[in-house]
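**Student:** My structure is stored as run-v5.txt, with compact mmCIF, C-alpha atoms and all ligand atoms.
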```
# COMPACT_ATOMS: atom_id res chain seq x y z
CA VAL E 4 29.74 6.11 4.53
CA LYS E 5 27.01 6.38 1.93
CA LYS E 6 27.72 5.45 -1.66
CA ARG E 7 27.72 8.31 -4.08
CA GLY E 8 24.90 8.71 -6.58
CA ARG E 9 22.14 6.84 -4.85
CA GLY E 10 22.98 8.53 -1.56
CA ASP E 11 20.69 11.49 -2.12
CA TYR E 12 17.84 9.24 -2.94
CA GLN E 13 18.41 6.98 0.04
CA LEU E 14 18.40 9.98 2.30
CA PHE E 15 15.27 11.13 0.54
CA ALA E 16 13.60 7.77 1.10
CA GLU E 17 14.56 7.67 4.76
CA ARG E 18 13.31 11.15 5.43
CA MET E 19 10.08 10.32 3.67
CA LYS E 20 9.44 7.75 6.37
CA SER E 21 9.89 10.21 9.19
CA ASP E 22 7.88 13.39 9.31
CA THR E 23 10.65 15.95 9.59
CA GLY E 24 11.30 17.75 6.38
CA ASN E 25 8.73 15.56 4.72
CA VAL E 26 6.71 18.30 3.14
CA LEU E 27 9.67 20.05 1.58
CA LEU E 28 11.09 16.78 0.27
CA ILE E 29 7.81 15.73 -1.26
CA GLU E 30 7.50 19.13 -2.86
CA THR E 31 10.95 19.09 -4.49
CA GLY E 32 10.62 15.42 -5.37
CA LEU E 33 7.22 15.91 -6.92
CA ARG E 34 8.41 18.84 -9.01
CA ARG E 35 11.13 16.60 -10.40
CA ALA E 36 8.74 13.66 -10.78
CA ILE E 37 6.48 15.62 -13.12
CA GLU E 38 9.49 16.52 -15.28
CA ASN E 39 11.00 13.01 -15.14
CA ARG E 40 7.75 11.20 -15.92
CA GLU E 41 7.76 9.18 -12.71
CA LEU E 42 3.99 9.53 -12.50
CA ARG E 43 1.42 7.29 -14.08
CA LEU E 44 -2.29 6.71 -13.81
CA ALA E 45 -4.04 3.65 -12.43
CA TYR E 46 -7.69 2.84 -13.10
CA GLN E 47 -10.07 1.10 -10.70
CA PRO E 48 -13.35 -0.38 -11.97
CA GLN E 49 -16.63 0.86 -10.54
CA ILE E 50 -19.06 -2.01 -10.81
CA ASP E 51 -22.78 -1.85 -11.54
CA LEU E 52 -24.06 -4.22 -8.86
CA ARG E 53 -26.99 -5.41 -10.96
CA SER E 54 -25.20 -6.30 -14.18
CA ARG E 55 -21.84 -6.89 -12.48
CA GLU E 56 -20.26 -4.94 -15.33
CA PRO E 57 -17.91 -2.00 -14.84
CA ILE E 58 -19.66 1.26 -15.67
CA SER E 59 -16.63 3.48 -15.12
CA PHE E 60 -13.04 3.54 -13.90
CA GLU E 61 -11.66 5.84 -11.21
CA VAL E 62 -8.39 7.47 -12.18
CA LEU E 63 -5.81 7.27 -9.37
CA VAL E 64 -2.38 8.86 -9.75
CA ARG E 65 0.71 6.81 -8.93
CA TRP E 66 4.20 8.09 -8.09
CA GLU E 67 6.90 5.48 -8.49
CA PRO E 68 10.37 7.04 -8.25
CA ALA E 69 13.12 4.96 -9.86
CA ASN E 70 14.64 2.45 -7.38
CA LEU E 71 12.36 3.54 -4.58
CA PRO E 72 9.11 2.35 -3.09
CA ALA E 73 6.00 4.08 -4.41
CA ILE E 74 4.80 7.17 -2.56
CA SER E 75 1.10 7.21 -1.75
CA PRO E 76 -1.14 9.92 -3.20
CA ALA E 77 -2.68 10.17 0.27
CA GLU E 78 0.71 11.60 1.21
CA PHE E 79 1.71 13.72 -1.77
CA ILE E 80 -1.65 15.09 -2.96
CA PRO E 81 -2.14 17.17 0.23
CA VAL E 82 1.41 18.53 -0.17
CA ALA E 83 0.77 19.33 -3.83
CA GLU E 84 -2.42 21.06 -2.77
CA GLU E 85 -0.61 23.08 -0.10
CA SER E 86 2.20 24.19 -2.42
CA GLY E 87 0.08 24.96 -5.47
CA LEU E 88 1.77 22.14 -7.42
CA ILE E 89 -1.66 20.56 -7.67
CA ILE E 90 -2.45 22.92 -10.54
CA PRO E 91 0.18 21.61 -13.01
CA LEU E 92 -0.15 18.10 -11.55
CA GLY E 93 -3.94 18.17 -11.88
CA GLU E 94 -3.66 19.42 -15.44
CA TRP E 95 -1.23 16.62 -16.24
CA ILE E 96 -3.67 14.06 -14.78
CA LEU E 97 -6.62 15.43 -16.76
CA GLU E 98 -4.64 15.43 -20.00
CA GLU E 99 -3.21 11.95 -19.42
CA ALA E 100 -6.68 10.56 -18.69
CA MET E 101 -8.18 12.10 -21.85
CA LYS E 102 -5.20 10.90 -23.89
CA GLN E 103 -5.92 7.39 -22.64
CA LEU E 104 -9.54 7.65 -23.77
CA TYR E 105 -8.30 8.78 -27.16
CA THR E 106 -5.88 5.83 -27.40
CA TRP E 107 -8.63 3.36 -26.52
CA LYS E 108 -10.87 4.96 -29.11
CA GLN E 109 -8.13 4.69 -31.77
CA GLU E 110 -7.89 0.99 -30.97
CA GLY E 111 -11.59 0.53 -31.58
CA LEU E 112 -12.42 -0.35 -27.98
CA PRO E 113 -15.83 0.41 -26.47
CA GLU E 114 -16.14 3.90 -24.97
CA ALA E 115 -15.03 3.99 -21.36
CA VAL E 116 -16.08 6.43 -18.62
CA LEU E 117 -13.40 7.84 -16.34
CA ALA E 118 -14.01 9.26 -12.86
CA ILE E 119 -11.32 11.87 -12.21
CA ASN E 120 -10.50 13.29 -8.76
CA LEU E 121 -10.27 17.05 -8.40
CA SER E 122 -8.77 18.56 -5.28
CA ALA E 123 -10.43 21.61 -3.74
CA LYS E 124 -7.86 24.10 -5.06
CA GLN E 125 -8.00 22.59 -8.53
CA PHE E 126 -11.76 22.81 -8.48
CA MET E 127 -11.64 26.52 -7.73
CA GLN E 128 -9.23 27.58 -10.49
CA PRO E 129 -11.00 30.03 -12.77
CA TYR E 130 -9.98 28.45 -16.10
CA LEU E 131 -10.80 24.84 -15.12
CA VAL E 132 -13.85 24.65 -17.36
CA GLU E 133 -12.01 26.06 -20.39
CA MET E 134 -9.11 23.68 -19.80
CA ILE E 135 -11.37 20.62 -19.61
CA GLN E 136 -13.32 21.79 -22.63
CA SER E 137 -10.21 22.21 -24.74
CA LEU E 138 -8.77 18.82 -23.66
CA MET E 139 -12.06 17.16 -24.58
CA LEU E 140 -11.89 18.76 -27.99
CA THR E 141 -8.26 17.77 -28.56
CA TYR E 142 -8.77 14.15 -27.53
CA GLU E 143 -12.29 13.73 -28.95
CA VAL E 144 -13.77 12.90 -25.55
CA GLN E 145 -17.56 12.84 -25.15
CA PRO E 146 -19.05 14.58 -22.07
CA ALA E 147 -20.63 11.31 -20.93
CA GLN E 148 -17.12 9.84 -20.62
CA ILE E 149 -16.07 12.17 -17.80
CA GLU E 150 -17.17 12.19 -14.21
CA LEU E 151 -15.51 14.51 -11.70
CA GLU E 152 -15.09 13.53 -8.05
CA ILE E 153 -14.94 16.45 -5.66
CA THR E 154 -14.89 16.39 -1.88
CA GLU E 155 -17.07 18.37 0.48
CA GLY E 156 -14.01 20.54 1.09
CA ALA E 157 -14.46 21.97 -2.41
CA LEU E 158 -17.86 23.30 -1.40
CA THR E 159 -16.81 25.58 1.45
CA ASN E 160 -17.54 28.61 -0.69
CA PRO E 161 -21.04 27.56 -1.79
CA ASP E 162 -21.74 30.33 -4.30
CA GLU E 163 -18.53 29.85 -6.26
CA ALA E 164 -18.85 26.07 -6.01
CA TYR E 165 -22.42 26.20 -7.27
CA GLU E 166 -21.36 28.30 -10.26
CA MET E 167 -18.49 25.93 -11.08
CA ILE E 168 -20.66 22.82 -10.81
CA ARG E 169 -23.30 24.40 -13.00
CA ARG E 170 -20.74 25.23 -15.70
CA LEU E 171 -19.32 21.71 -15.63
CA LYS E 172 -22.83 20.27 -15.80
CA ASP E 173 -23.55 22.55 -18.77
CA LEU E 174 -20.63 20.85 -20.52
CA GLY E 175 -22.45 17.58 -19.91
CA LEU E 176 -20.10 16.12 -17.29
CA SER E 177 -21.21 14.23 -14.18
CA ILE E 178 -20.32 15.36 -10.67
CA SER E 179 -19.85 13.09 -7.73
CA ILE E 180 -19.25 13.92 -4.05
CA ASP E 181 -16.28 11.90 -2.82
CA ASP E 182 -15.67 10.75 0.76
CA PHE E 183 -19.26 11.65 1.50
CA GLY E 184 -20.02 12.10 5.17
CA THR E 185 -16.47 12.84 6.28
CA GLY E 186 -16.25 16.58 5.62
CA TYR E 187 -18.28 19.77 5.55
CA SER E 188 -21.45 18.91 7.37
CA SER E 189 -24.24 21.05 5.92
CA LEU E 190 -26.45 18.90 3.72
CA THR E 191 -28.32 21.77 2.08
CA TYR E 192 -25.98 21.66 -0.92
CA LEU E 193 -27.38 18.23 -1.80
CA LYS E 194 -30.70 19.88 -2.51
CA ARG E 195 -29.32 22.94 -4.25
CA PHE E 196 -26.43 21.62 -6.32
CA PRO E 197 -26.92 19.65 -9.54
CA ILE E 198 -24.82 16.66 -8.52
CA ASP E 199 -25.20 13.11 -9.80
CA SER E 200 -23.80 10.76 -7.19
CA LEU E 201 -22.36 10.26 -3.73
CA LYS E 202 -19.44 8.06 -2.81
CA ILE E 203 -19.76 6.51 0.62
CA ASP E 204 -16.36 6.83 2.23
CA GLN E 205 -14.48 3.62 2.77
CA SER E 206 -14.16 4.34 6.49
CA PHE E 207 -17.90 3.59 6.75
CA VAL E 208 -17.79 0.56 4.50
CA LYS E 209 -14.92 -0.85 6.50
CA ASP E 210 -16.18 -3.06 9.35
CA LEU E 211 -19.70 -2.65 8.03
CA LEU E 212 -20.66 -6.01 9.49
CA LEU E 213 -18.97 -5.48 12.84
CA ASP E 214 -19.74 -1.86 13.56
CA GLU E 215 -23.34 -0.91 14.14
CA GLN E 216 -22.66 2.80 13.73
CA ASN E 217 -21.04 2.32 10.34
CA ARG E 218 -24.08 0.30 9.33
CA ALA E 219 -26.41 3.04 10.48
CA ILE E 220 -24.45 5.74 8.62
CA THR E 221 -24.27 3.68 5.44
CA THR E 222 -27.99 2.87 5.34
CA THR E 223 -28.82 6.50 6.11
CA ILE E 224 -26.67 7.72 3.21
CA LEU E 225 -28.30 5.16 0.92
CA HIS E 226 -31.82 6.24 1.91
CA LEU E 227 -30.95 9.92 1.67
CA ALA E 228 -29.50 9.45 -1.81
CA GLN E 229 -32.48 7.42 -2.91
CA SER E 230 -34.96 10.08 -1.89
CA LEU E 231 -32.88 12.78 -3.59
CA GLY E 232 -32.49 10.73 -6.76
CA LEU E 233 -28.72 10.41 -6.49
CA ARG E 234 -26.67 7.36 -7.37
CA VAL E 235 -24.42 5.89 -4.70
CA VAL E 236 -20.99 4.36 -5.13
CA ALA E 237 -19.68 2.39 -2.15
CA GLU E 238 -15.89 2.47 -2.03
CA GLY E 239 -13.55 0.11 -0.24
CA VAL E 240 -15.69 -2.99 -0.82
CA GLU E 241 -13.42 -5.86 0.17
CA THR E 242 -15.69 -8.75 1.09
CA LYS E 243 -18.75 -10.58 -0.12
CA GLU E 244 -20.52 -9.80 3.16
CA GLN E 245 -20.07 -6.05 2.65
CA LEU E 246 -21.33 -6.39 -0.90
CA LEU E 247 -24.45 -8.30 0.17
CA PHE E 248 -25.27 -5.74 2.82
CA LEU E 249 -24.84 -2.87 0.36
CA GLU E 250 -26.98 -4.57 -2.27
CA GLU E 251 -29.74 -5.32 0.20
CA ASN E 252 -29.83 -1.67 1.11
CA GLY E 253 -30.15 -0.38 -2.43
CA CYS E 254 -26.59 0.57 -3.32
CA GLN E 255 -26.15 0.60 -7.12
CA ILE E 256 -22.38 0.77 -7.60
CA GLY E 257 -19.43 -0.82 -5.81
CA GLN E 258 -15.71 -0.23 -5.96
CA GLY E 259 -12.96 -2.02 -4.09
CA PHE E 260 -10.52 -4.89 -3.84
CA TYR E 261 -13.40 -7.39 -3.84
CA PHE E 262 -13.88 -6.55 -7.50
CA ASP E 263 -10.46 -5.32 -8.52
CA SER E 264 -7.63 -3.08 -7.37
CA PRO E 265 -6.47 -0.06 -9.36
CA LEU E 266 -4.95 -1.46 -12.58
CA SER E 267 -2.68 -0.19 -15.33
CA ALA E 268 -4.22 1.05 -18.57
CA SER E 269 -3.16 -2.09 -20.41
CA GLU E 270 -4.63 -4.34 -17.72
CA ILE E 271 -7.92 -2.43 -17.98
CA GLN E 272 -7.79 -2.84 -21.70
CA GLN E 273 -7.16 -6.60 -21.50
CA THR E 274 -9.54 -7.37 -18.68
CA TYR E 275 -12.42 -5.01 -19.31
CA LEU E 276 -12.35 -3.33 -22.70
CA ARG E 277 -11.24 -6.17 -24.96
CA LYS E 278 -13.12 -5.98 -28.22
CA LYS E 279 -16.23 -8.07 -28.11
CA GLU E 280 -16.20 -10.81 -30.70
CA TYR E 281 -19.18 -11.31 -32.96
P1 LIG E 301 -9.98 8.42 -2.85
O1 LIG E 301 -10.36 9.34 -3.96
O2 LIG E 301 -10.98 8.21 -1.77
O3 LIG E 301 -9.57 7.06 -3.56
C1 LIG E 301 -9.86 5.78 -3.07
C2 LIG E 301 -8.65 5.13 -2.45
O4 LIG E 301 -9.00 3.85 -1.92
C3 LIG E 301 -7.51 4.85 -3.44
O5 LIG E 301 -6.30 5.03 -2.74
C4 LIG E 301 -7.73 3.37 -3.77
O6 LIG E 301 -6.56 2.72 -4.24
C5 LIG E 301 -8.14 2.85 -2.42
N1 LIG E 301 -8.91 1.61 -2.49
C6 LIG E 301 -9.58 1.10 -3.54
N2 LIG E 301 -10.23 -0.04 -3.20
C7 LIG E 301 -9.97 -0.25 -1.90
C8 LIG E 301 -10.36 -1.28 -0.96
O7 LIG E 301 -11.10 -2.22 -1.27
N3 LIG E 301 -9.90 -1.16 0.32
C9 LIG E 301 -9.10 -0.13 0.69
N4 LIG E 301 -8.69 -0.09 1.96
N5 LIG E 301 -8.72 0.86 -0.16
C10 LIG E 301 -9.16 0.79 -1.43
P2 LIG E 301 -5.06 5.80 -3.36
O8 LIG E 301 -4.97 5.49 -4.81
O9 LIG E 301 -3.92 5.54 -2.48
O10 LIG E 301 -5.50 7.32 -3.25
C11 LIG E 301 -5.64 7.95 -2.00
C12 LIG E 301 -6.25 9.31 -2.13
O11 LIG E 301 -5.37 10.19 -2.86
C13 LIG E 301 -7.55 9.33 -2.94
O12 LIG E 301 -8.62 8.93 -2.14
C14 LIG E 301 -7.61 10.78 -3.36
O13 LIG E 301 -8.07 11.58 -2.30
C15 LIG E 301 -6.15 11.08 -3.62
N6 LIG E 301 -5.88 10.91 -5.06
C16 LIG E 301 -5.48 9.81 -5.74
N7 LIG E 301 -5.34 10.06 -7.05
C17 LIG E 301 -5.68 11.36 -7.21
C18 LIG E 301 -5.74 12.24 -8.36
O14 LIG E 301 -5.50 11.86 -9.52
N8 LIG E 301 -6.10 13.56 -8.12
C19 LIG E 301 -6.41 14.01 -6.87
N9 LIG E 301 -6.76 15.30 -6.71
N10 LIG E 301 -6.38 13.21 -5.78
C20 LIG E 301 -6.01 11.91 -5.96
CA CA E 302 -12.06 9.51 -5.32
CA CA E 303 -13.18 8.44 -1.77
CA CA E 304 -10.69 8.98 0.57
```
Once you've parsed the file, please lay out its structure as C-alpha cells.
**Tutor:**
Amino acid sequence: VKKRGRGDYQLFAERMKSDTGNVLLIETGLRRAIENRELRLAYQPQIDLRSREPISFEVLVRWEPANLPAISPAEFIPVAEESGLIIPLGEWILEEAMKQLYTWKQEGLPEAVLAINLSAKQFMQPYLVEMIQSLMLTYEVQPAQIELEITEGALTNPDEAYEMIRRLKDLGLSISIDDFGTGYSSLTYLKRFPIDSLKIDQSFVKDLLLDEQNRAITTTILHLAQSLGLRVVAEGVETKEQLLFLEENGCQIGQGFYFDSPLSASEIQQTYLRKKEY
C-alpha cells in the first residue's frame, strides 16, 4: 500500500519512466511547475576558441520537481510545444533570462550575452517581437546581449520566418540556427536569411575522431559557413581531441562538457563574471 501524500508523486515519477500516459502527465505536471516555481534556468558557456574566453552563455531550462529526479527538457519541451504550453513557458524563460541580465548589471558585473532557445511555435507567435522588445526595455537589456537559437523546423514557412527574422534583426538581436544539419534540408535559406551563426549539432561532434562521416559533415559545415560569412558554434565538445580537430578546421566557438556544463546563475557569476580587479 502506498503512503498517502507522496503517493501521487511516486506514481507520477513511475509513469514518467514508462511511455504510457507520459504526455498527459508531463502536461499537467508542467502546468503546475510553472505555478510552483519548480523551473529554473541554467547557463552554459560558449567559448571563443582563440581567446579561450566565454563570449556568451546558452540558457537551458531546468525542471526539478520537489523530491523527484529532474525531468529533461528534451522530454518536456516537445510536450509543451505540442500542448501550446510553450507560449507561457517560453515567455517565462525570456523574462527570467532578461531579469538575470538586469541583476548582473545591478551588481556591476561585465555585460553578458545570453543565447536563448526558441521553439518553432514560439518563434511563430505574432507578438514575439513586441514581447521581447518590451522585456528588453523593462530590464534594460542591450540588443547585443541577446542571441536567439532557432531550429530548422522554425523555417518551414519560409516567408513568415524570413519576416520574423528580419524584424528581430531590426531590433539588433543575433540569430543562430541550432542543431544545424539535422532538420529541414533546403540550404537556400542560408543565402536569403540574415542569420549570424550555425550550431553544429552534437550528434556530428560526437565520435568526431572515430566516425569518418561525422568528420566529413563537420568540415563541410565549417567550410560552408566560412564562405557564407557565418560564425560556427560546435556543441557537445567533450574532449581535447574534438577541440583540436574543430580548431584546425576553422571553428570559432565551442560549447560542451570539455569547457563547462550548464551552471547556475551564481556559479556563472563566480566563475565567469566576477568583477575584474584593477
Ligand atoms: P539544445 O538546444 O541542442 O541544447 C544542448 C543540449 O546539450 C543541452 O541539453 C545541454 O545540456 C547538452 N550538452 C551541453 N554540453 C554537452 C556535452 O558536452 N555533451 C553532451 N552529450 N551534451 C551536452 P538539455 O539542457 O538537456 O536540453 C535539451 C534540449 O531541450 C535542448 O537542446 C533544446 O532543444 C531544449 N531546450 C532546453 N532548454 C530550452 C529552452 O529554454 N527553450 C526551448 N525552447 N528549448 C529548450
Ligand atoms: Ca540550443
Ligand atoms: Ca543544439
Ligand atoms: Ca539538440
**Student:** Closest to ligand CA 303 (chain E) among E:Phe248, E:Phe183, E:Tyr165, E:Phe262, using only C-alpha atoms and all ligand atoms?
**Tutor:**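 Checking each candidate against ligand CA 303 (chain E), we get E:Phe183 as the closest.
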**Student:** With the cut-off set at 12 Å and counting all atoms listed in the file, tabulate each residue of chain E with an atom at most that distance from an atom of ligand CA 304 (chain E), showing the nearest atom pair and its distance in Å to one decimal, ordered by chain and increasing number, as a tab-separated table.
**Tutor:**
```
residue	atom	partner	partner_atom	distance
E:Leu63	CA	E:CA304	CA	11.2
E:Pro76	CA	E:CA304	CA	10.3
E:Ala77	CA	E:CA304	CA	8.1
E:Glu78	CA	E:CA304	CA	11.7
E:Ile80	CA	E:CA304	CA	11.5
E:Pro81	CA	E:CA304	CA	11.8
E:Asn120	CA	E:CA304	CA	10.3
E:Ser122	CA	E:CA304	CA	11.4
E:Glu152	CA	E:CA304	CA	10.7
E:Ile153	CA	E:CA304	CA	10.6
E:Thr154	CA	E:CA304	CA	8.9
E:Glu155	CA	E:CA304	CA	11.4
E:Ile180	CA	E:CA304	CA	10.9
E:Asp181	CA	E:CA304	CA	7.2
E:Asp182	CA	E:CA304	CA	5.3
E:Phe183	CA	E:CA304	CA	9.0
E:Gly184	CA	E:CA304	CA	10.9
E:Thr185	CA	E:CA304	CA	9.0
E:Gly186	CA	E:CA304	CA	10.7
E:Lys202	CA	E:CA304	CA	9.4
E:Ile203	CA	E:CA304	CA	9.4
E:Asp204	CA	E:CA304	CA	6.3
E:Gln205	CA	E:CA304	CA	6.9
E:Ser206	CA	E:CA304	CA	8.3
E:Phe207	CA	E:CA304	CA	10.9
E:Val208	CA	E:CA304	CA	11.7
E:Ala237	CA	E:CA304	CA	11.5
E:Glu238	CA	E:CA304	CA	8.7
E:Gly239	CA	E:CA304	CA	9.4
```
**Student:** What is the distance, in Å and to one decimal place, between CA of Thr222 (chain E) and CA of Asn160 (chain E)?
**Tutor:** 28.4 Å
**Student:** Of the candidates E:Pro91, E:Gly175, E:Pro48, E:Pro197, which one gets nearest to ligand CA 302 (chain E) if we count all atoms listed in the file?
**Tutor:**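 The answer is E:Pro48, which sits nearest to ligand CA 302 (chain E).
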**Student:** What's the 9 Å shell around Ala36 (chain E), counting only C-alpha atoms, without same-chain residues fewer than 4 positions away, as an MDAnalysis selection string?
**Tutor:** chainID E and resid 31:32 40:42 66:68
**Student:** From the list E:Ile58, E:Cys254, E:Ile178, E:Ile224, which residue is nearest ligand CA 302 (chain E) when using only C-alpha atoms and all ligand atoms?
**Tutor:**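 Checking each of E:Ile58, E:Cys254, E:Ile178, E:Ile224 against ligand CA 302 (chain E), counting only C-alpha atoms and all ligand atoms, the winner is E:Ile178.
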**Student:** Starting from the point (-1.9, 17.3, -4.0), work out which residues of protein, DNA or RNA have an atom no more than 12 Å away when counting all atoms listed in the file; state them as an MDAnalysis selection string.
**Tutor:** chainID E and resid 26 29:30 33:34 64:66 75:94 96 120:125
**Student:** Could you jot down the CA of Glu270 (chain E) to atom N3 of ligand LIG 301 (chain E) separation for me, Å, one decimal place?
**Tutor:**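 Between CA of Glu270 (chain E) and atom N3 of ligand LIG 301 (chain E) the gap works out to 19.1 Å.
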**Student:** Residues at most 9 Å from Pro265 (chain E), counting only C-alpha atoms, excluding those fewer than 5 positions away in the same chain, as a list in words?
**Tutor:** Ala45, Tyr46, Gln47, Pro48, Phe60, Glu61, Val62, Leu63, Gly259 and Phe260 of chain E
**Student:** Could the residues in this selection be written to a file with C-alpha atoms, as a tab-separated table (two decimals), keeping the file's coordinate frame?
**Tutor:**
```
chain	number	residue	atom	x	y	z
E	45	ALA	CA	-4.04	3.65	-12.43
E	46	TYR	CA	-7.69	2.84	-13.10
E	47	GLN	CA	-10.07	1.10	-10.70
E	48	PRO	CA	-13.35	-0.38	-11.97
E	60	PHE	CA	-13.04	3.54	-13.90
E	61	GLU	CA	-11.66	5.84	-11.21
E	62	VAL	CA	-8.39	7.47	-12.18
E	63	LEU	CA	-5.81	7.27	-9.37
E	259	GLY	CA	-12.96	-2.02	-4.09
E	260	PHE	CA	-10.52	-4.89	-3.84
```
**Student:** Could you write out as JSON the box around region 131-137 of chain E (axis-aligned, all atoms listed in the file, 5 Å on each side), with centre and edge lengths in Å to one decimal?
**Tutor:**
```
{"center_x": -11.5, "center_y": 23.3, "center_z": -19.9, "size_x": 14.7, "size_y": 15.4, "size_z": 19.6}
```
**Student:** Nearest to Gln255 (chain E): which of E:Leu212, E:Ile168, E:Val235, E:Val240 is it, counting all atoms listed in the file?
**Tutor:**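 Among the listed residues, the smallest separation from Gln255 (chain E) belongs to E:Val235.
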**Student:** Point out the residue among E:Leu131, E:Ile149, E:Leu97, E:Leu211 with the least atom-to-atom distance to Glu114 (chain E), counting only C-alpha atoms.
**Tutor:**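 Answer, going by the shortest atom-to-atom distance: E:Ile149.
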**Student:** For region 194-205 of chain E, which lacks atoms in the input, supply N, CA, C and O atoms and format the output as a PDB file, in the coordinates of the input.
**Tutor:**
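Result file follows (rebuild-v5.pdb):
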```pdb
ATOM      1  N   LYS E 194     -29.434  19.487  -1.938  1.00  0.00           N
ATOM      2  CA  LYS E 194     -30.700  19.880  -2.510  1.00  0.00           C
ATOM      3  C   LYS E 194     -30.474  20.902  -3.632  1.00  0.00           C
ATOM      4  O   LYS E 194     -31.111  20.881  -4.653  1.00  0.00           O
ATOM      5  N   ARG E 195     -29.506  21.783  -3.387  1.00  0.00           N
ATOM      6  CA  ARG E 195     -29.320  22.940  -4.250  1.00  0.00           C
ATOM      7  C   ARG E 195     -28.443  22.663  -5.467  1.00  0.00           C
ATOM      8  O   ARG E 195     -28.638  23.220  -6.531  1.00  0.00           O
ATOM      9  N   PHE E 196     -27.425  21.814  -5.274  1.00  0.00           N
ATOM     10  CA  PHE E 196     -26.430  21.620  -6.320  1.00  0.00           C
ATOM     11  C   PHE E 196     -26.809  20.491  -7.279  1.00  0.00           C
ATOM     12  O   PHE E 196     -27.289  19.451  -6.841  1.00  0.00           O
ATOM     13  N   PRO E 197     -26.576  20.695  -8.569  1.00  0.00           N
ATOM     14  CA  PRO E 197     -26.920  19.650  -9.540  1.00  0.00           C
ATOM     15  C   PRO E 197     -25.896  18.524  -9.592  1.00  0.00           C
ATOM     16  O   PRO E 197     -25.194  18.349 -10.578  1.00  0.00           O
ATOM     17  N   ILE E 198     -25.794  17.743  -8.524  1.00  0.00           N
ATOM     18  CA  ILE E 198     -24.820  16.660  -8.520  1.00  0.00           C
ATOM     19  C   ILE E 198     -25.491  15.330  -8.884  1.00  0.00           C
ATOM     20  O   ILE E 198     -26.707  15.203  -8.827  1.00  0.00           O
ATOM     21  N   ASP E 199     -24.674  14.370  -9.279  1.00  0.00           N
ATOM     22  CA  ASP E 199     -25.200  13.110  -9.800  1.00  0.00           C
ATOM     23  C   ASP E 199     -25.070  11.941  -8.827  1.00  0.00           C
ATOM     24  O   ASP E 199     -25.911  11.065  -8.799  1.00  0.00           O
ATOM     25  N   SER E 200     -23.973  11.920  -8.072  1.00  0.00           N
ATOM     26  CA  SER E 200     -23.800  10.760  -7.190  1.00  0.00           C
ATOM     27  C   SER E 200     -22.990  11.073  -5.938  1.00  0.00           C
ATOM     28  O   SER E 200     -22.290  12.091  -5.857  1.00  0.00           O
ATOM     29  N   LEU E 201     -23.117  10.179  -4.981  1.00  0.00           N
ATOM     30  CA  LEU E 201     -22.360  10.260  -3.730  1.00  0.00           C
ATOM     31  C   LEU E 201     -21.481   9.035  -3.632  1.00  0.00           C
ATOM     32  O   LEU E 201     -21.887   7.938  -4.014  1.00  0.00           O
ATOM     33  N   LYS E 202     -20.280   9.221  -3.098  1.00  0.00           N
ATOM     34  CA  LYS E 202     -19.440   8.060  -2.810  1.00  0.00           C
ATOM     35  C   LYS E 202     -19.336   7.890  -1.308  1.00  0.00           C
ATOM     36  O   LYS E 202     -18.814   8.770  -0.617  1.00  0.00           O
ATOM     37  N   ILE E 203     -19.849   6.794  -0.816  1.00  0.00           N
ATOM     38  CA  ILE E 203     -19.760   6.510   0.620  1.00  0.00           C
ATOM     39  C   ILE E 203     -18.300   6.250   0.951  1.00  0.00           C
ATOM     40  O   ILE E 203     -17.669   5.379   0.341  1.00  0.00           O
ATOM     41  N   ASP E 204     -17.770   6.977   1.890  1.00  0.00           N
ATOM     42  CA  ASP E 204     -16.360   6.830   2.230  1.00  0.00           C
ATOM     43  C   ASP E 204     -16.047   5.429   2.733  1.00  0.00           C
ATOM     44  O   ASP E 204     -16.844   4.799   3.415  1.00  0.00           O
ATOM     45  N   GLN E 205     -14.840   4.986   2.397  1.00  0.00           N
ATOM     46  CA  GLN E 205     -14.480   3.620   2.770  1.00  0.00           C
ATOM     47  C   GLN E 205     -14.358   3.418   4.280  1.00  0.00           C
ATOM     48  O   GLN E 205     -14.466   2.296   4.759  1.00  0.00           O
TER      49      GLN E 205
END
```
